[in-house]
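S.K.: Pasting in a structure now, in structure tokens, and then I'll have a few things to ask.
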Amino acid sequence: MTAAADTTWTVPAADAAPLESIRFHGLQAGPKLLVLGAVHGNESCGPRAIARIIEDCRAGRLLITRGEVTFLPVTNPKAYRQNTREGDRNLNRDLRERLQPLDNEDRIGRRLCALLREHEVLLDVHSFRGEGEPFVFFGPEDNTGPLEPFRHGAAELALAACLGVPVAIHGWLDNYVQIIAARERLNLPPLAVTEGFGTTEFMRFAGGYGVTLECGQHDDPASVEIGYAAIRNTLAHLGLIDAPAPAPALAAVIQMTEVVICEAQGDRVAEGWKTGDRVPAGALLATRADGTAVTAPSDGFVIFPSATAKPGEPICHFGVASPRRPL
């Protein structure tokens, strides 16, 4: 199939711009899917990929025959219009239904949480600043624990595996608890666990399941193609369109297990690492301001290396090969 012409999305020039969603209803029963773009405003691959899918649906190149799919191309209009990650703060942190919203992201959050509750499955399309392979974040195994109780672990992993990207990562909230403990140890302002909640965490809380797709670098045209293919794969995987189910594409599944925290100005990450890079036990991950080396505790992977981490923020995360695999 010939790719449609690239399309950008526009939003009104006002901080109170409404959220614009487009919904297609199949004529047979099926799941309810929500696809988000531009939760972070400088990540344009989501809106561009979603715009192409919408045009495909309107032109009849894609037919939603079952269930429903709702597209929200620009989830944060203020940040998208500014081409900044945030409007007033990070929408993908501390996402909840506030009774008294105080800022742009609070106001969006009230509407967004209601929309998440209406659906059963979420695909949230993002991109990232640094170099690295596209990857997908998914959540925990089925559990009844206090941190993130869940009952759709297998379905969520199967969704992550169908998107067409080579790497899947889980363990975000477990590592976030480590960040909270480190900040307490360093006598820094405390964080609540809810600060680690974004769109997928709220979707699981509301009874559904969802994944966060990281399509590649912000300005790489390939990120749009990856997002576009992933949305099509999701529609096929869930049976919303009549198309063969995509084969799992994962080459690596990583479990986040540890976080290296910036403890003082001058702590710095080792150069050259990218998310998903394999590292041997003993490899240099970071150097403290006093020259102390922080090394990999075992064979594993580097995740989210940051050259701009401030005290109390992660310099990088570390993960190991996960035993989890799609059924």
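Every chain in the structure tokens takes a letter, A first, then B, and so on in the order presented; its residues are numbered from 1, and the ligands are numbered from 1 following the presented order.
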Write out as an MDAnalysis selection string which residues come within 10 Å of Pro149 in chain A when counting only C-alpha atoms, dropping same-chain ones fewer than 5 positions away.

M.R.: chainID A and resid 140:144 204:205 207

S.K.: Could you make a table, as a tab-separated table, of the residues of range 62-140 of chain A that have an atom within 12 Å of an atom of range 161-166 of chain A, each with its nearest atom pair and distance in Å to one decimal, counting only C-alpha atoms, in chain and number order?

M.R.:
residue	atom	partner	partner_atom	distance
A:Leu123	CA	A:Leu163	CA	9.8
A:Asp124	CA	A:Leu163	CA	11.8
A:Val125	CA	A:Leu163	CA	11.0
A:Gly132	CA	A:Pro166	CA	11.3
A:Glu133	CA	A:Pro166	CA	7.7
A:Pro134	CA	A:Val165	CA	5.9
A:Phe135	CA	A:Val165	CA	5.7
A:Val136	CA	A:Val165	CA	7.2
A:Phe137	CA	A:Ala161	CA	10.5
A:Phe138	CA	A:Ala161	CA	9.8

S.K.: Hey, what does DSSP flag as strand (DSSP E) within range 28-168 of chain A? Can you give it to me as a ChimeraX atom specification?

M.R.: /A:28-37,66-72,121-128,135-137,167-168

S.K.: Can you list, as a count of residues only, every protein, DNA or RNA residue that comes within 8 Å of range 156-159 of chain A when you count only C-alpha atoms, leaving out same-chain residues fewer than 3 positions away?

M.R.: 15

S.K.: Taking the backbone alone, and naming residues the way the document does, which bits of range 84-137 of chain A are helix (DSSP H, G or I) by DSSP, as a list in words?

M.R.: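 Selection result, helix (DSSP H, G or I) within range 84-137 of chain A: Asn104, Glu105, Asp106, Arg107, Ile108, Gly109, Arg110, Arg111, Leu112, Cys113, Ala114, Leu115, Leu116 and Arg117 of chain A.
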
S.K.: Using only C-alpha atoms, can you tell me which of A:Ser322, A:Thr65, A:Thr257, A:Thr70 comes closest to Ala29 in chain A?

M.R.: A:Thr65

S.K.: Record the distance separating CA of Phe197 in chain A and CA of Gly109 in chain A, expressed in Å with one decimal.

M.R.: 11.6 Å

S.K.: So, counting only C-alpha atoms, which residue among A:Thr8, A:Gln217, A:Asn76, A:Gln28 is closest to Arg52 in chain A?

M.R.: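 Ranked by minimum distance to Arg52 in chain A, first place goes to A:Thr8.
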
S.K.: Distance CA of Ser306 in chain A-CA of Phe318 in chain A, one decimal place?

M.R.: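 Interatomic distance here is 12.4 Å.
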
S.K.: For Asp220 in chain A, which residue out of A:Leu116, A:Ala49, A:Ser127, A:His25 is the nearest one, using only C-alpha atoms?

M.R.: A:Ser127

S.K.: Would you mind telling me which residue in A:Ala252, A:Val69, A:Val269, A:Val193 lies nearest to Ala181 in chain A when using only C-alpha atoms?

M.R.: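 Looking only at the distances to Ala181 in chain A, the closest residue turns out to be A:Val193.
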
S.K.: A:Lys310, A:Arg111, A:Arg324, A:Arg278: which is nearest Val260 in chain A, counting only C-alpha atoms?

M.R.: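 Answer, going by the shortest atom-to-atom distance: A:Lys310.
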
S.K.: Which residues come within 12 Å of Pro189 in chain A, counting only C-alpha atoms, excluding same-chain residues fewer than 4 positions away, as a list in words?

M.R.: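 Counting only C-alpha atoms, the residues come to Ile179, Ile180, Ala181, Ala182, Arg183, Glu184, Arg185, Pro311, Gly312 and Glu313 of chain A.
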
S.K.: Give me the residues near Ile241 in chain A as a PyMOL selection string, where near means some atom within 12 Å (using only C-alpha atoms) and where sequence neighbours in that chain fewer than 6 positions away do not count.

M.R.: chain A and resi 24-31+57+60-69+231-235

S.K.: Could you dump the residues just selected with N, CA, C and O atoms as a CSV table (one decimal), in the first residue's frame?

M.R.:
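Final output, out-v1.csv:
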chain,number,residue,atom,x,y,z
A,24,PHE,N,-14.3,6.1,15.6
A,24,PHE,CA,-14.9,5.2,14.6
A,24,PHE,C,-15.5,4.0,15.3
A,24,PHE,O,-14.9,3.4,16.1
A,25,HIS,N,-16.8,3.8,14.9
A,25,HIS,CA,-17.6,2.7,15.6
A,25,HIS,C,-17.8,1.6,14.6
A,25,HIS,O,-18.4,1.8,13.5
A,26,GLY,N,-17.2,0.4,14.9
A,26,GLY,CA,-17.5,-0.8,14.0
A,26,GLY,C,-19.0,-1.2,14.2
A,26,GLY,O,-19.6,-0.9,15.2
A,27,LEU,N,-19.5,-1.9,13.2
A,27,LEU,CA,-20.8,-2.4,13.3
A,27,LEU,C,-21.0,-3.8,13.9
A,27,LEU,O,-22.1,-4.3,14.0
A,28,GLN,N,-19.9,-4.3,14.4
A,28,GLN,CA,-19.9,-5.6,15.2
A,28,GLN,C,-19.2,-5.3,16.5
A,28,GLN,O,-18.5,-4.4,16.7
A,29,ALA,N,-19.6,-6.2,17.4
A,29,ALA,CA,-19.0,-6.0,18.8
A,29,ALA,C,-17.5,-6.3,18.8
A,29,ALA,O,-17.0,-7.0,18.0
A,30,GLY,N,-16.8,-5.6,19.7
A,30,GLY,CA,-15.4,-5.7,19.8
A,30,GLY,C,-14.8,-4.8,20.9
A,30,GLY,O,-15.6,-4.0,21.5
A,31,PRO,N,-13.5,-4.8,21.1
A,31,PRO,CA,-13.0,-4.0,22.2
A,31,PRO,C,-13.0,-2.5,21.8
A,31,PRO,O,-13.1,-2.1,20.7
A,57,CYS,N,-8.9,5.6,7.4
A,57,CYS,CA,-10.2,5.2,7.8
A,57,CYS,C,-11.3,6.0,7.0
A,57,CYS,O,-12.3,5.4,6.5
A,60,GLY,N,-11.5,4.8,3.4
A,60,GLY,CA,-11.9,3.4,3.2
A,60,GLY,C,-10.7,2.4,3.0
A,60,GLY,O,-10.9,1.3,2.7
A,61,ARG,N,-9.5,3.0,3.2
A,61,ARG,CA,-8.3,2.1,3.1
A,61,ARG,C,-8.2,1.2,4.3
A,61,ARG,O,-7.6,0.1,4.3
A,62,LEU,N,-8.8,1.7,5.4
A,62,LEU,CA,-8.9,0.9,6.6
A,62,LEU,C,-10.4,0.9,7.0
A,62,LEU,O,-11.0,2.0,7.1
A,63,LEU,N,-11.0,-0.3,7.3
A,63,LEU,CA,-12.4,-0.3,7.7
A,63,LEU,C,-12.4,-0.9,9.2
A,63,LEU,O,-12.0,-2.0,9.4
A,64,ILE,N,-12.9,-0.1,10.1
A,64,ILE,CA,-13.1,-0.5,11.4
A,64,ILE,C,-14.4,-1.3,11.4
A,64,ILE,O,-15.5,-0.7,11.4
A,65,THR,N,-14.3,-2.6,11.5
A,65,THR,CA,-15.5,-3.5,11.4
A,65,THR,C,-16.0,-3.9,12.7
A,65,THR,O,-17.2,-4.3,12.8
A,66,ARG,N,-15.2,-3.9,13.8
A,66,ARG,CA,-15.6,-4.3,15.1
A,66,ARG,C,-15.1,-3.3,16.1
A,66,ARG,O,-14.1,-2.7,16.0
A,67,GLY,N,-15.9,-3.3,17.2
A,67,GLY,CA,-15.5,-2.5,18.4
A,67,GLY,C,-15.5,-1.0,18.1
A,67,GLY,O,-16.2,-0.5,17.2
A,68,GLU,N,-14.7,-0.3,18.8
A,68,GLU,CA,-14.5,1.2,18.6
A,68,GLU,C,-13.1,1.6,18.7
A,68,GLU,O,-12.3,1.0,19.5
A,69,VAL,N,-12.7,2.6,18.0
A,69,VAL,CA,-11.3,3.2,18.2
A,69,VAL,C,-11.5,4.7,18.3
A,69,VAL,O,-12.2,5.3,17.5
A,231,ILE,N,0.1,1.4,15.0
A,231,ILE,CA,-1.4,1.6,15.1
A,231,ILE,C,-2.1,0.6,14.3
A,231,ILE,O,-3.1,0.0,14.7
A,232,ARG,N,-1.6,0.4,13.0
A,232,ARG,CA,-2.3,-0.6,12.2
A,232,ARG,C,-2.1,-2.0,12.8
A,232,ARG,O,-3.1,-2.7,12.7
A,233,ASN,N,-1.0,-2.3,13.3
A,233,ASN,CA,-0.8,-3.6,13.9
A,233,ASN,C,-1.7,-3.8,15.1
A,233,ASN,O,-2.3,-4.9,15.3
A,234,THR,N,-1.9,-2.7,15.9
A,234,THR,CA,-2.8,-2.8,17.1
A,234,THR,C,-4.3,-3.0,16.6
A,234,THR,O,-5.0,-3.9,17.2
A,235,LEU,N,-4.7,-2.3,15.6
A,235,LEU,CA,-6.1,-2.5,15.0
A,235,LEU,C,-6.2,-4.0,14.6
A,235,LEU,O,-7.3,-4.6,14.8

S.K.: Contacts of Lys274 in chain A at 9 Å or less, counting only C-alpha atoms, minus same-chain residues fewer than 4 places along, as a PDB file with N, CA and C atoms, in the first residue's frame?

M.R.:
ATOM      1  N   GLY A 130      17.125  11.430  22.870  1.00  0.00           N
ATOM      2  CA  GLY A 130      18.440  10.877  22.565  1.00  0.00           C
ATOM      3  C   GLY A 130      18.398   9.802  21.503  1.00  0.00           C
ATOM      4  N   GLU A 131      19.541   9.143  21.312  1.00  0.00           N
ATOM      5  CA  GLU A 131      19.626   8.064  20.348  1.00  0.00           C
ATOM      6  C   GLU A 131      19.156   6.764  20.988  1.00  0.00           C
ATOM      7  N   GLY A 132      18.800   5.811  20.146  1.00  0.00           N
ATOM      8  CA  GLY A 132      18.397   4.510  20.642  1.00  0.00           C
ATOM      9  C   GLY A 132      17.361   3.859  19.760  1.00  0.00           C
ATOM     10  N   GLU A 133      17.150   2.567  19.993  1.00  0.00           N
ATOM     11  CA  GLU A 133      16.163   1.808  19.241  1.00  0.00           C
ATOM     12  C   GLU A 133      14.759   2.114  19.769  1.00  0.00           C
ATOM     13  N   VAL A 302      21.262  -0.784  29.820  1.00  0.00           N
ATOM     14  CA  VAL A 302      21.122   0.614  30.247  1.00  0.00           C
ATOM     15  C   VAL A 302      19.786   1.152  29.747  1.00  0.00           C
ATOM     16  N   ILE A 303      19.106   1.908  30.615  1.00  0.00           N
ATOM     17  CA  ILE A 303      17.816   2.486  30.261  1.00  0.00           C
ATOM     18  C   ILE A 303      17.816   3.953  30.680  1.00  0.00           C
ATOM     19  N   PHE A 304      17.411   4.820  29.777  1.00  0.00           N
ATOM     20  CA  PHE A 304      17.264   6.255  30.032  1.00  0.00           C
ATOM     21  C   PHE A 304      18.505   6.913  30.634  1.00  0.00           C
ATOM     22  N   PRO A 305      19.670   6.799  30.011  1.00  0.00           N
ATOM     23  CA  PRO A 305      20.822   7.565  30.504  1.00  0.00           C
ATOM     24  C   PRO A 305      20.565   9.057  30.342  1.00  0.00           C
TER      25      PRO A 305
END

S.K.: For CA of Asn42 in chain A and CA of Ala222 in chain A, determine how far apart the two atoms are, in Å to one decimal place.

M.R.: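 Separation between CA of Asn42 in chain A and CA of Ala222 in chain A: 15.9 Å.
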